>>> print(open('upload39.csv').read())   # CSV, C-alpha atoms
chain,number,residue,atom,x,y,z
A,233,MET,CA,11.9,-8.4,-25.7
A,234,ARG,CA,12.1,-10.0,-22.3
A,235,ASP,CA,15.6,-10.8,-21.0
A,236,LEU,CA,15.6,-14.5,-20.3
A,237,VAL,CA,18.5,-16.3,-18.6
A,238,GLU,CA,19.2,-20.0,-18.2
A,239,ILE,CA,19.3,-21.0,-14.6
A,240,GLY,CA,19.8,-24.7,-15.4
A,241,MET,CA,19.3,-27.2,-18.1
A,242,GLY,CA,15.8,-26.7,-19.6
A,243,ARG,CA,14.9,-24.0,-17.1
A,244,THR,CA,14.9,-20.3,-17.8
A,245,ALA,CA,14.0,-17.3,-15.8
A,246,ARG,CA,13.3,-13.6,-16.6
A,247,ARG,CA,15.8,-11.1,-15.5
A,248,THR,CA,14.0,-8.4,-13.5
A,249,TYR,CA,14.9,-5.3,-11.6
A,250,GLU,CA,14.3,-3.8,-8.1
A,251,LEU,CA,13.9,-0.1,-7.4
A,252,ASP,CA,17.5,-0.1,-6.1
A,253,ASP,CA,18.7,-1.4,-9.5
A,254,ILE,CA,17.6,1.7,-11.4
A,255,ASP,CA,18.3,5.4,-11.4
A,256,ILE,CA,16.3,8.4,-12.7
A,257,VAL,CA,18.1,10.4,-15.5
A,258,PRO,CA,17.1,14.0,-15.9
A,259,SER,CA,17.2,15.0,-19.6
A,260,ARG,CA,15.1,18.1,-19.8
A,261,ARG,CA,15.2,21.6,-18.4
A,262,THR,CA,15.0,21.9,-14.7
A,263,ARG,CA,12.3,23.9,-12.9
A,264,SER,CA,11.5,25.1,-9.4
A,265,SER,CA,10.0,22.5,-7.1
A,266,LYS,CA,7.3,25.1,-6.3
A,267,GLU,CA,6.0,24.6,-9.9
A,268,VAL,CA,5.5,20.9,-9.4
A,269,SER,CA,2.1,19.3,-8.7
A,270,THR,CA,1.8,15.9,-6.9
A,271,THR,CA,-2.0,15.8,-7.1
A,272,TRP,CA,-3.8,12.8,-8.5
A,273,GLN,CA,-7.4,11.6,-8.7
A,274,LEU,CA,-8.9,8.2,-8.1
A,275,ASP,CA,-12.4,8.0,-9.4
A,276,ALA,CA,-14.2,11.1,-7.9
A,277,TYR,CA,-11.6,11.6,-5.1
A,278,ARG,CA,-8.7,14.0,-5.5
A,279,PHE,CA,-5.6,13.7,-3.4
A,280,ASP,CA,-2.7,16.2,-3.0
A,281,ILE,CA,0.0,13.6,-2.4
A,282,PRO,CA,0.4,10.2,-4.0
A,283,VAL,CA,0.5,8.3,-0.7
A,284,LEU,CA,-1.8,5.6,0.8
A,285,THR,CA,-1.2,3.9,4.1
A,286,HIS,CA,-0.5,0.2,4.6
A,287,PRO,CA,-3.7,-1.1,6.2
A,288,THR,CA,-2.2,-2.2,9.5
A,289,ASP,CA,-3.3,-1.4,13.1
A,290,ALA,CA,0.4,-0.6,13.8
A,291,LEU,CA,-0.1,2.5,11.7
A,292,VAL,CA,-3.8,3.4,11.0
A,293,SER,CA,-6.2,4.3,13.7
A,294,PRO,CA,-9.3,6.3,12.8
A,295,SER,CA,-7.5,9.4,14.1
A,296,PHE,CA,-4.4,8.6,11.9
A,297,ALA,CA,-6.6,8.1,8.9
A,298,ILE,CA,-8.0,11.6,9.5
A,299,GLU,CA,-4.6,13.2,9.8
A,300,MET,CA,-3.5,11.5,6.5
A,301,GLY,CA,-6.6,12.8,4.8
A,302,ARG,CA,-6.1,16.3,6.1
A,303,ARG,CA,-2.6,16.3,4.6
A,304,GLY,CA,-3.9,15.2,1.2
A,305,GLY,CA,-3.1,11.4,1.4
A,306,LEU,CA,-5.4,8.4,2.0
A,307,GLY,CA,-5.5,6.5,5.2
A,308,VAL,CA,-6.7,2.9,4.8
A,309,ILE,CA,-8.2,1.2,7.9
A,310,ASN,CA,-7.8,-2.6,8.2
A,311,GLY,CA,-11.4,-3.8,8.2
A,312,GLU,CA,-10.3,-7.1,9.6
A,313,GLY,CA,-8.0,-5.6,12.2
A,314,LEU,CA,-8.4,-4.7,15.8
A,315,TRP,CA,-10.6,-1.7,15.3
A,316,GLY,CA,-13.5,-4.0,14.3
A,317,ARG,CA,-12.8,-6.6,17.0
A,318,HIS,CA,-12.1,-4.7,20.3
A,319,ALA,CA,-13.5,-1.6,22.0
A,320,ASP,CA,-10.1,-0.8,23.7
A,321,VAL,CA,-7.7,-1.0,20.8
A,322,GLU,CA,-5.3,1.6,22.2
A,323,ALA,CA,-4.8,-0.6,25.3
A,324,LYS,CA,-4.3,-3.7,23.2
A,325,LEU,CA,-1.7,-1.9,21.1
A,326,ALA,CA,0.1,-0.7,24.2
A,327,GLU,CA,0.2,-4.3,25.4
A,328,LEU,CA,1.7,-5.5,22.2
A,329,VAL,CA,4.4,-2.9,22.2
A,330,HIS,CA,5.2,-3.6,25.8
A,331,LEU,CA,5.5,-7.3,25.0
A,332,ALA,CA,7.8,-6.6,22.1
A,333,GLU,CA,10.0,-4.4,24.2
A,334,THR,CA,10.3,-6.6,27.3
A,335,ASP,CA,9.6,-10.3,26.4
A,336,GLU,CA,12.7,-12.3,25.7
A,337,ASP,CA,10.7,-14.7,23.4
A,338,PRO,CA,10.7,-13.0,20.0
A,339,ASP,CA,7.6,-15.1,19.0
A,340,ALA,CA,5.5,-13.9,21.9
A,341,PRO,CA,4.2,-10.6,20.3
A,342,ILE,CA,3.0,-12.5,17.2
A,343,ALA,CA,1.3,-15.1,19.3
A,344,ARG,CA,-0.5,-12.4,21.2
A,345,LEU,CA,-1.4,-10.6,17.9
A,346,GLN,CA,-2.9,-13.8,16.6
A,347,GLU,CA,-5.0,-14.2,19.8
A,348,LEU,CA,-6.3,-10.6,19.5
A,349,HIS,CA,-7.3,-11.2,15.9
A,350,ALA,CA,-9.1,-14.4,16.8
A,351,ALA,CA,-11.9,-12.3,18.4
A,352,PRO,CA,-14.9,-12.0,16.1
A,353,ILE,CA,-15.4,-8.9,14.0
A,354,GLN,CA,-18.2,-6.7,15.4
A,355,ALA,CA,-20.1,-4.7,12.8
A,356,ASN,CA,-20.9,-1.9,15.3
A,357,LEU,CA,-17.2,-1.3,16.2
A,358,LEU,CA,-16.2,-1.3,12.6
A,359,ALA,CA,-19.0,1.1,11.7
A,360,ALA,CA,-17.9,3.4,14.6
A,361,ALA,CA,-14.4,3.6,13.2
A,362,VAL,CA,-15.6,4.4,9.7
A,363,ALA,CA,-18.0,7.0,11.1
A,364,GLN,CA,-15.2,8.8,12.9
A,365,VAL,CA,-13.2,9.2,9.7
A,366,ARG,CA,-16.2,10.0,7.6
A,367,ASP,CA,-17.5,12.7,10.0
A,368,ALA,CA,-14.1,14.4,9.8
A,369,GLY,CA,-14.8,15.1,6.2
A,370,VAL,CA,-11.9,13.2,4.6
A,371,THR,CA,-12.0,10.3,2.1
A,372,THR,CA,-12.8,7.1,4.0
A,373,ALA,CA,-11.2,3.8,2.8
A,374,VAL,CA,-11.3,0.4,4.4
A,375,ARG,CA,-9.4,-2.8,3.4
A,376,VAL,CA,-10.9,-6.3,3.3
A,377,SER,CA,-9.3,-9.6,2.2
A,378,PRO,CA,-10.7,-11.5,-0.8
A,379,GLN,CA,-11.8,-14.2,1.6
A,380,ASN,CA,-14.0,-11.9,3.6
A,381,ALA,CA,-15.0,-9.3,1.0
A,382,ARG,CA,-18.4,-10.7,0.3
A,383,ALA,CA,-19.3,-10.8,4.1
A,384,LEU,CA,-17.9,-7.5,5.2
A,385,THR,CA,-18.6,-5.1,2.3
A,386,PRO,CA,-22.3,-4.7,2.8
A,387,GLU,CA,-21.7,-3.5,6.4
A,388,LEU,CA,-18.9,-1.1,5.2
A,389,ILE,CA,-21.2,0.3,2.5
A,390,LYS,CA,-23.9,0.9,5.1
A,391,ALA,CA,-21.3,2.6,7.4
A,392,GLY,CA,-20.5,5.1,4.6
A,393,ILE,CA,-17.1,4.2,3.1
A,394,ASP,CA,-15.9,6.1,0.0
A,395,LEU,CA,-13.4,3.6,-1.2
A,396,LEU,CA,-13.1,-0.2,-0.8
A,397,VAL,CA,-9.6,-1.8,-0.9
A,398,ILE,CA,-9.6,-5.5,-1.6
A,399,HIS,CA,-6.1,-6.4,-0.6
A,400,GLY,CA,-4.2,-9.7,-0.2
A,401,THR,CA,-0.7,-11.0,-0.5
A,402,ILE,CA,-1.6,-12.3,-3.9
A,403,ILE,CA,-4.9,-11.5,-5.6
A,404,SER,CA,-6.6,-12.6,-8.8
A,405,ALA,CA,-9.8,-11.8,-10.7
A,406,GLU,CA,-11.4,-14.9,-9.2
A,407,HIS,CA,-10.7,-16.1,-5.6
A,408,VAL,CA,-11.6,-19.6,-4.6
A,409,ALA,CA,-12.0,-19.6,-0.8
A,410,ASN,CA,-12.5,-23.4,-0.3
A,411,SER,CA,-13.9,-26.4,-2.0
A,412,GLY,CA,-17.6,-26.3,-2.2
A,413,SER,CA,-17.9,-22.5,-1.9
A,414,GLU,CA,-18.6,-20.1,-4.7
A,415,PRO,CA,-15.5,-18.3,-6.0
A,416,LEU,CA,-15.4,-14.5,-5.5
A,417,ASN,CA,-15.7,-13.2,-9.0
A,418,LEU,CA,-14.4,-9.7,-8.7
A,419,LYS,CA,-15.9,-8.5,-12.0
A,420,THR,CA,-19.4,-9.4,-10.8
A,421,PHE,CA,-18.7,-8.2,-7.3
A,422,ILE,CA,-17.4,-4.8,-8.3
A,423,SER,CA,-20.1,-4.2,-10.8
A,424,GLU,CA,-22.7,-4.5,-8.0
A,425,LEU,CA,-21.1,-1.9,-5.8
A,426,ASP,CA,-21.8,1.8,-5.6
A,427,VAL,CA,-18.2,2.6,-4.4
A,428,PRO,CA,-14.9,2.4,-6.4
A,429,VAL,CA,-12.6,-0.5,-5.6
A,430,VAL,CA,-8.8,-0.7,-5.4
A,431,ALA,CA,-7.6,-4.3,-5.7
A,432,GLY,CA,-4.2,-6.0,-5.4
A,433,GLY,CA,-1.5,-7.1,-5.1
A,434,VAL,CA,-0.2,-8.3,-8.4
A,435,SER,CA,3.2,-8.7,-9.8
A,436,ASP,CA,2.9,-9.1,-13.6
A,437,HIS,CA,1.3,-7.7,-16.7
A,438,ARG,CA,-1.3,-10.5,-17.2
A,439,THR,CA,-2.7,-10.4,-13.6
A,440,ALA,CA,-2.8,-6.6,-13.6
A,441,LEU,CA,-4.7,-6.6,-16.9
A,442,HIS,CA,-7.2,-9.2,-15.5
A,443,LEU,CA,-7.8,-7.0,-12.5
A,444,MET,CA,-8.3,-3.9,-14.6
A,445,ARG,CA,-10.9,-5.8,-16.6
A,446,THR,CA,-12.9,-6.4,-13.4
A,447,GLY,CA,-13.7,-2.7,-13.2
A,448,ALA,CA,-11.3,-1.8,-10.4
A,449,ALA,CA,-10.4,1.8,-10.2
A,450,GLY,CA,-6.9,1.1,-9.0
A,451,VAL,CA,-4.6,-1.9,-9.0
A,452,ILE,CA,-2.0,-2.5,-6.3
A,453,VAL,CA,1.3,-3.8,-7.5
A,454,GLY,CA,3.5,-5.7,-5.1
A,455,TYR,CA,2.9,-7.7,-1.9
A,456,GLY,CA,3.9,-5.0,0.6
A,457,SER,CA,7.5,-6.2,1.0
A,458,THR,CA,9.0,-3.7,3.6
A,459,GLU,CA,10.5,-3.6,7.0
A,460,GLY,CA,8.9,-6.1,9.2
A,461,ALA,CA,7.4,-8.2,6.4
A,462,THR,CA,8.7,-11.7,5.6
A,463,THR,CA,6.3,-12.6,2.8
A,464,THR,CA,8.8,-12.2,0.0
A,465,GLY,CA,11.3,-14.9,0.8
A,466,GLU,CA,11.3,-16.7,4.1
A,467,VAL,CA,7.7,-17.9,4.3
A,468,LEU,CA,6.3,-18.2,0.8
A,469,GLY,CA,9.4,-18.0,-1.4
A,470,ILE,CA,7.6,-15.3,-3.4
A,471,GLY,CA,9.4,-12.1,-4.5
A,472,VAL,CA,8.4,-9.0,-6.4
A,473,PRO,CA,11.0,-7.1,-8.4
A,474,MET,CA,9.2,-3.8,-7.9
A,475,ALA,CA,10.7,-1.8,-10.8
A,476,THR,CA,9.8,-4.5,-13.3
A,477,ALA,CA,6.4,-5.2,-11.7
A,478,ILE,CA,5.4,-1.5,-11.8
A,479,ALA,CA,6.5,-1.1,-15.4
A,480,ASP,CA,4.6,-4.3,-16.4
A,481,ALA,CA,1.4,-3.0,-14.7
A,482,ALA,CA,1.9,0.4,-16.4
A,483,ALA,CA,2.0,-1.4,-19.7
A,484,ALA,CA,-1.2,-3.3,-18.8
A,485,ARG,CA,-2.7,0.1,-18.0
A,486,ARG,CA,-1.9,1.3,-21.5
A,487,ASP,CA,-3.2,-1.9,-23.1
A,488,TYR,CA,-6.5,-1.5,-21.1
A,489,LEU,CA,-6.7,2.1,-22.0
A,490,ASP,CA,-6.6,1.2,-25.7
A,491,GLU,CA,-8.9,-1.8,-25.1
A,492,THR,CA,-11.6,0.3,-23.5
A,493,GLY,CA,-11.2,3.5,-25.5
A,494,GLY,CA,-10.0,5.6,-22.6
A,495,ARG,CA,-10.7,4.1,-19.2
A,496,TYR,CA,-7.7,4.8,-17.0
A,497,VAL,CA,-6.9,2.5,-14.1
A,498,HIS,CA,-4.4,3.8,-11.5
A,499,VAL,CA,-1.3,1.7,-10.6
A,500,ILE,CA,-0.4,1.8,-7.0
A,501,ALA,CA,3.0,0.5,-5.9
A,502,ASP,CA,3.2,-1.4,-2.6
A,503,GLY,CA,6.7,-2.6,-1.6
A,504,ASP,CA,10.3,-1.7,-1.0
A,505,ILE,CA,9.5,2.1,-0.7
A,506,ALA,CA,11.3,3.5,2.3
A,507,THR,CA,12.8,6.8,1.1
A,508,SER,CA,11.9,9.7,-1.0
A,509,GLY,CA,14.2,8.3,-3.7
A,510,ASP,CA,12.3,5.0,-3.7
A,511,LEU,CA,9.0,6.9,-4.0
A,512,ALA,CA,10.3,9.0,-7.0
A,513,LYS,CA,11.6,5.8,-8.7
A,514,ALA,CA,8.2,4.0,-8.2
A,515,ILE,CA,6.4,7.0,-9.9
A,516,ALA,CA,9.1,7.1,-12.7
A,517,CYS,CA,8.5,3.4,-13.4
A,518,GLY,CA,4.8,4.1,-14.0
A,519,ALA,CA,3.0,4.2,-10.6
A,520,ASP,CA,0.4,6.8,-9.9
A,521,ALA,CA,0.8,6.5,-6.1
A,522,ALA,CA,2.4,4.3,-3.5
A,523,VAL,CA,1.5,2.4,-0.3
A,524,LEU,CA,3.7,3.3,2.6
A,525,GLY,CA,3.9,1.5,5.9
A,526,ALA,CA,7.1,1.6,8.0
A,527,PRO,CA,8.1,5.1,7.0
A,528,LEU,CA,4.8,6.5,8.2
A,529,ALA,CA,4.8,4.3,11.3
A,530,ALA,CA,7.8,6.2,12.6
A,531,SER,CA,5.7,9.3,13.0
A,532,ALA,CA,4.4,10.5,16.4
A,533,GLU,CA,0.8,10.2,15.2
A,534,ALA,CA,1.1,6.5,14.2
A,535,ALA,CA,-0.9,4.1,16.3
A,536,GLY,CA,1.9,1.6,17.0
A,537,GLY,CA,4.0,3.9,19.2
A,538,GLY,CA,7.1,3.6,17.0
A,539,TRP,CA,6.7,0.0,16.2
A,540,PHE,CA,5.5,-1.5,12.9
A,541,TRP,CA,4.1,-4.8,11.7
A,542,PRO,CA,2.4,-5.6,8.4
A,543,SER,CA,-1.3,-6.7,8.4
A,544,ALA,CA,-0.1,-10.2,7.3
A,545,ALA,CA,1.7,-10.6,10.6
A,546,ALA,CA,-1.6,-11.6,12.3
A,547,HIS,CA,-2.4,-14.5,10.0
A,548,PRO,CA,-3.6,-17.4,12.2
A,549,SER,CA,-1.5,-20.1,10.7
A,550,VAL,CA,1.2,-18.5,8.4
A,551,PRO,CA,2.2,-15.2,9.9
A,552,ARG,CA,4.3,-13.1,7.6
A,553,GLY,CA,5.8,-10.3,9.5
A,554,ALA,CA,7.3,-9.3,12.8
A,555,LEU,CA,7.0,-6.4,15.3
A,556,LEU,CA,10.0,-4.2,14.7
A,557,PRO,CA,10.9,-0.8,16.1
A,558,VAL,CA,11.0,1.9,13.4
A,559,ALA,CA,11.7,5.0,15.6
A,560,PHE,CA,14.0,5.7,18.5
A,561,GLY,CA,13.9,8.6,20.8
A,562,ASP,CA,11.9,11.6,19.7
A,563,ARG,CA,9.6,10.6,16.8
A,564,PRO,CA,9.1,13.0,13.9
A,565,SER,CA,5.7,14.4,13.2
A,566,LEU,CA,3.6,13.2,10.3
A,567,ASP,CA,4.2,16.6,8.7
A,568,GLN,CA,8.0,16.0,8.9
A,569,VAL,CA,7.7,12.5,7.4
A,570,LEU,CA,5.6,13.7,4.5
A,571,THR,CA,6.6,17.3,3.7
A,572,GLY,CA,9.5,18.2,6.1
A,573,PRO,CA,11.5,20.0,7.1
A,574,SER,CA,14.0,17.2,7.3
A,575,ASN,CA,17.3,16.8,9.1
A,576,ASP,CA,17.9,13.3,7.7
A,577,PRO,CA,20.3,13.1,4.8
A,578,PHE,CA,19.2,9.6,3.7
A,579,GLY,CA,15.6,10.4,2.5
A,580,SER,CA,13.5,8.9,5.3
A,581,LEU,CA,11.9,12.3,6.0
A,582,ASN,CA,10.2,14.8,3.7
A,583,LEU,CA,9.2,12.0,1.4
A,584,VAL,CA,6.9,14.1,-0.8
A,585,GLY,CA,9.3,17.0,-0.8
A,586,GLY,CA,12.0,14.7,-2.2
A,587,LEU,CA,9.6,13.5,-4.9
A,588,ARG,CA,8.8,17.1,-5.8
A,589,ARG,CA,12.5,18.0,-6.1
A,590,SER,CA,13.2,14.9,-8.2
A,591,MET,CA,10.4,15.9,-10.6
A,592,ALA,CA,11.7,19.5,-10.7
A,593,LYS,CA,15.3,18.4,-11.4
A,594,SER,CA,14.0,16.3,-14.3
A,595,GLY,CA,11.9,19.1,-15.7
A,596,TYR,CA,8.4,17.6,-15.1
A,597,SER,CA,5.5,19.3,-13.5
A,598,THR,CA,2.9,16.5,-13.0
A,599,LEU,CA,3.0,12.9,-11.9
A,600,LYS,CA,1.8,11.6,-15.2
A,601,GLU,CA,4.5,13.5,-17.1
A,602,PHE,CA,7.2,12.2,-14.6
A,603,GLN,CA,6.2,8.6,-15.6
A,604,LYS,CA,8.1,9.4,-18.9
A,605,VAL,CA,11.4,10.3,-17.3
A,606,GLY,CA,14.5,8.5,-18.5
A,607,LEU,CA,15.8,5.5,-16.5
A,608,THR,CA,19.1,3.6,-16.4
A,609,VAL,CA,20.0,0.2,-14.9
A,610,ARG,CA,23.0,-0.1,-12.7
A,611,ALA,CA,25.7,-2.4,-13.9
>>> encode(input="upload39.csv", output="C-alpha cells")
Amino acid sequence: MRDLVEIGMGRTARRTYELDDIDIVPSRRTRSSKEVSTTWQLDAYRFDIPVLTHPTDALVSPSFAIEMGRRGGLGVINGEGLWGRHADVEAKLAELVHLAETDEDPDAPIARLQELHAAPIQANLLAAAVAQVRDAGVTTAVRVSPQNARALTPELIKAGIDLLVIHGTIISAEHVANSGSEPLNLKTFISELDVPVVAGGVSDHRTALHLMRTGAAGVIVGYGSTEGATTTGEVLGIGVPMATAIADAAAARRDYLDETGGRYVHVIADGDIATSGDLAKAIACGADAAVLGAPLAASAEAAGGGWFWPSAAAHPSVPRGALLPVAFGDRPSLDQVLTGPSNDPFGSLNLVGGLRRSMAKSGYSTLKEFQKVGLTVRA
C-alpha cells in the first residue's frame, strides 16, 4: 500500500525515498568478489559492466565512446550535440572550459554553449562520428530527443548505429511537438525501426509501463539529476526520488513480463548516482544498469577536460545545468574510475569494483539475483 501523507487540507502526497534513504542488508552467505558477474544483455548486445554514459559533449566524444565500449560499457553520443554541428569540436570544448575557468560572469559559459548549439546539425559530421565508433568494433549508440527523433533517426540508421536512445527530461509514449504537427507515437515509430530503442526518462509505474508497451528494449528511470544539473528543483520544480522510481519501474517490468508472456524490458537508472554505493543501491532497487555522467567526466579520457555539464544545459530557452569542475589536479584514468585501483575512501573510484564487492558481501553472483537483496529505510 502506498504511504500517503497529508500536506494540507484536502491535499495528500506520496511518501517516497531517495537512494540515500535506503541501505542494502546482506542476509545470505558471502562469496568472493571474483565469483560475481556484472554482465547484462540489451537485445542482442552484451555488456560486461552495467554502465551507460550520460549523452553530453562534456563526456562523450567518439574516442571516449570507444574506450567505454572496450571496457564493457556503453558510450552514448549526443546526436544533437556539438559532434554533429561543428568540425572542430575539441577546440570548441577547450574554449568553453577556458571561459568557465576565467570569465567572472557565471552565465557566460552557458550563453556560449547555447550559441554553439544554435548551429545546424550536419548529417555528414554526425555520420562521421558514428562511423568512428562503429569501425572500432564496439556497440554504437546515439541519443536523440523526442522532438527530433523522426528527423534524425533515418540518418543515424544509415550511418550504422546499433542502438537508438530517445532521451528527454520527461518522456511519454506519445510526444506532441507543437500544435498542428503530428504527435510522435513511439509504438508506431519503434515498430518501424530495425534497431533496438532505449527510451526515457520516467518516474512512475504507469509511464514506465506505457513506454514498455511501445516496444522499447530499455526504459530510462529518472531525469539525470546529478552534479551540474538543475532540472529537479530550481527550473522545473520536478524531482525524482530515485529509490522509489526504480522500484516502481521494476514493478512495471514484472507486470509487462506477465502481460506479454516473457518479454523482459531493461530498467536503466539515471540520476543521483555518484559513488559505487549509489550504483549498488540502484541495482538493488531493481535497475539492470545505470547512466553515469559526472563520475565518468572526472576521468582523463573524458572530453570536457575535468568539467561536466548535462546535455540539458544547452537548451536554447530553459537551460537546466551548469559547467562545473569535477576533477582537480591529476585526473584518474577511466580504468581507475570504473574498476580501480582506488585510493579514494568515499566510493568515487572503482565504481564497478564496489558494486561487485557489495554483491559478494550479500551472497549474490549476478545482477538479476542482486535485485532481490534485502533493503532497509533509514529512520
>>> residues_around(input="upload39.csv", residues="Phe279 of chain A", least_positions_apart="5", cutoff="8 Å", atoms="only C-alpha atoms", output="JSON, numbers by chain")
{"A": [271, 272, 273, 274, 304, 305, 306]}
>>> residues_around(input="upload39.csv", residues="Pro551 of chain A", least_positions_apart="6", cutoff="8 Å", atoms="all atoms listed in the file", output="PyMOL selection string")
chain A and resi 342+544-545
>>> residues_around(input="upload39.csv", residues="segment 565-569 of chain A", least_positions_apart="5", cutoff="6 Å", atoms="all atoms listed in the file", output="VMD selection string")
chain A and resid 531 to 532 581 to 582
>>> residues_around(input="upload39.csv", residues="Leu251 of chain A", least_positions_apart="2", cutoff="9 Å", atoms="only C-alpha atoms", output="ChimeraX atom specification")
/A:249,253-255,473-476,504-505,510,513-514,517
>>> axis_aligned_box(input="upload39.csv", around="segment 577-580 of chain A", padding_each_side="6 Å", output="AutoDock Vina command-line options")
--center_x 16.9 --center_y 11.0 --center_z 3.9 --size_x 18.8 --size_y 16.2 --size_z 14.8
>>> residues_around(input="upload39.csv", residues="Glu299 of chain A", least_positions_apart="4", cutoff="12 Å", atoms="all atoms listed in the file", output="MDAnalysis selection string")
chainID A and resid 285 291:295 303:308 364:365 368:372 528 531:535 565:567 570
>>> closest_atom_pairs(input="upload39.csv", of="segment 469-499 of chain A", to="segment 425-432 of chain A", cutoff="10 Å", atoms="only C-alpha atoms", output="CSV")
residue,atom,partner,partner_atom,distance
A:Val497,CA,A:Val430,CA,9.5
A:His498,CA,A:Val430,CA,8.8
A:Val499,CA,A:Val430,CA,9.4
>>> closest_residue(input="upload39.csv", among="A:Ile298, A:Ala481, A:Ile281, A:Val609", to="Ala521 of chain A", atoms="only C-alpha atoms")
A:Ile281
>>> residues_near_point(input="upload39.csv", point="(-21.9, -5.6, 14.0)", cutoff="12 Å", atoms="only C-alpha atoms", output="list of chain:residue names")
A:Gly316, A:Arg317, A:His318, A:Pro352, A:Ile353, A:Gln354, A:Ala355, A:Asn356, A:Leu357, A:Leu358, A:Ala359, A:Ala360, A:Ala361, A:Ala383, A:Leu384, A:Pro386, A:Glu387, A:Leu388, A:Lys390, A:Ala391
>>> atom_distance(input="upload39.csv", atom1="atom CA of Pro258 of chain A", atom2="atom CA of Lys604 of chain A")
10.5 Å
>>> closest_residue(input="upload39.csv", among="A:Asn310, A:Val283, A:Arg246, A:Lys593", to="Asp436 of chain A", atoms="only C-alpha atoms")
A:Arg246
>>> closest_residue(input="upload39.csv", among="A:Pro378, A:Gly392, A:Gly447, A:Pro287", to="Asp275 of chain A", atoms="only C-alpha atoms")
A:Gly447
>>> atom_distance(input="upload39.csv", atom1="atom CA of Val453 of chain A", atom2="atom CA of Ala381 of chain A")
19.2 Å
>>> atom_distance(input="upload39.csv", atom1="atom CA of Leu345 of chain A", atom2="atom CA of Ile500 of chain A")
27.8 Å
>>> closest_residue(input="upload39.csv", among="A:His286, A:Gly509, A:Gly537, A:Thr420", to="Ile452 of chain A", atoms="only C-alpha atoms")
A:His286
>>> decode(input="upload39.csv", residues="segment 410-449 of chain A", atoms="C-alpha atoms", output="PDB file, in the first residue's frame")
ATOM      1  CA  ASN A 410       3.562  21.681 -31.327  1.00  0.00           C
ATOM      2  CA  SER A 411       0.027  22.413 -32.339  1.00  0.00           C
ATOM      3  CA  GLY A 412      -0.671  21.366 -35.902  1.00  0.00           C
ATOM      4  CA  SER A 413       2.114  18.743 -36.015  1.00  0.00           C
ATOM      5  CA  GLU A 414       1.583  15.011 -35.800  1.00  0.00           C
ATOM      6  CA  PRO A 415       2.492  13.563 -32.375  1.00  0.00           C
ATOM      7  CA  LEU A 416       5.442  11.166 -32.207  1.00  0.00           C
ATOM      8  CA  ASN A 417       3.777   7.849 -31.437  1.00  0.00           C
ATOM      9  CA  LEU A 418       6.635   5.804 -30.027  1.00  0.00           C
ATOM     10  CA  LYS A 419       4.881   2.463 -30.511  1.00  0.00           C
ATOM     11  CA  THR A 420       4.492   3.077 -34.223  1.00  0.00           C
ATOM     12  CA  PHE A 421       7.901   4.709 -34.522  1.00  0.00           C
ATOM     13  CA  ILE A 422       9.778   1.886 -32.765  1.00  0.00           C
ATOM     14  CA  SER A 423       7.951  -0.850 -34.669  1.00  0.00           C
ATOM     15  CA  GLU A 424       9.253   0.566 -37.948  1.00  0.00           C
ATOM     16  CA  LEU A 425      12.917   0.557 -36.862  1.00  0.00           C
ATOM     17  CA  ASP A 426      15.500  -2.177 -37.381  1.00  0.00           C
ATOM     18  CA  VAL A 427      17.471  -1.225 -34.269  1.00  0.00           C
ATOM     19  CA  PRO A 428      16.513  -1.584 -30.586  1.00  0.00           C
ATOM     20  CA  VAL A 429      15.446   1.556 -28.740  1.00  0.00           C
ATOM     21  CA  VAL A 430      16.053   2.731 -25.182  1.00  0.00           C
ATOM     22  CA  ALA A 431      13.619   5.456 -24.082  1.00  0.00           C
ATOM     23  CA  GLY A 432      13.220   7.689 -21.040  1.00  0.00           C
ATOM     24  CA  GLY A 433      13.175   9.308 -18.583  1.00  0.00           C
ATOM     25  CA  VAL A 434      10.208   8.332 -16.493  1.00  0.00           C
ATOM     26  CA  SER A 435       9.492   8.500 -12.801  1.00  0.00           C
ATOM     27  CA  ASP A 436       6.493   6.276 -12.083  1.00  0.00           C
ATOM     28  CA  HIS A 437       4.978   2.847 -12.704  1.00  0.00           C
ATOM     29  CA  ARG A 438       2.323   3.967 -15.168  1.00  0.00           C
ATOM     30  CA  THR A 439       4.636   5.874 -17.508  1.00  0.00           C
ATOM     31  CA  ALA A 440       7.258   3.120 -17.361  1.00  0.00           C
ATOM     32  CA  LEU A 441       4.637   0.531 -18.307  1.00  0.00           C
ATOM     33  CA  HIS A 442       3.394   2.711 -21.173  1.00  0.00           C
ATOM     34  CA  LEU A 443       6.923   3.013 -22.555  1.00  0.00           C
ATOM     35  CA  MET A 444       7.468  -0.727 -22.259  1.00  0.00           C
ATOM     36  CA  ARG A 445       4.339  -1.280 -24.324  1.00  0.00           C
ATOM     37  CA  THR A 446       5.847   0.792 -27.151  1.00  0.00           C
ATOM     38  CA  GLY A 447       8.352  -1.977 -27.794  1.00  0.00           C
ATOM     39  CA  ALA A 448      11.344  -0.249 -26.202  1.00  0.00           C
ATOM     40  CA  ALA A 449      14.147  -2.610 -25.235  1.00  0.00           C
TER      41      ALA A 449
END
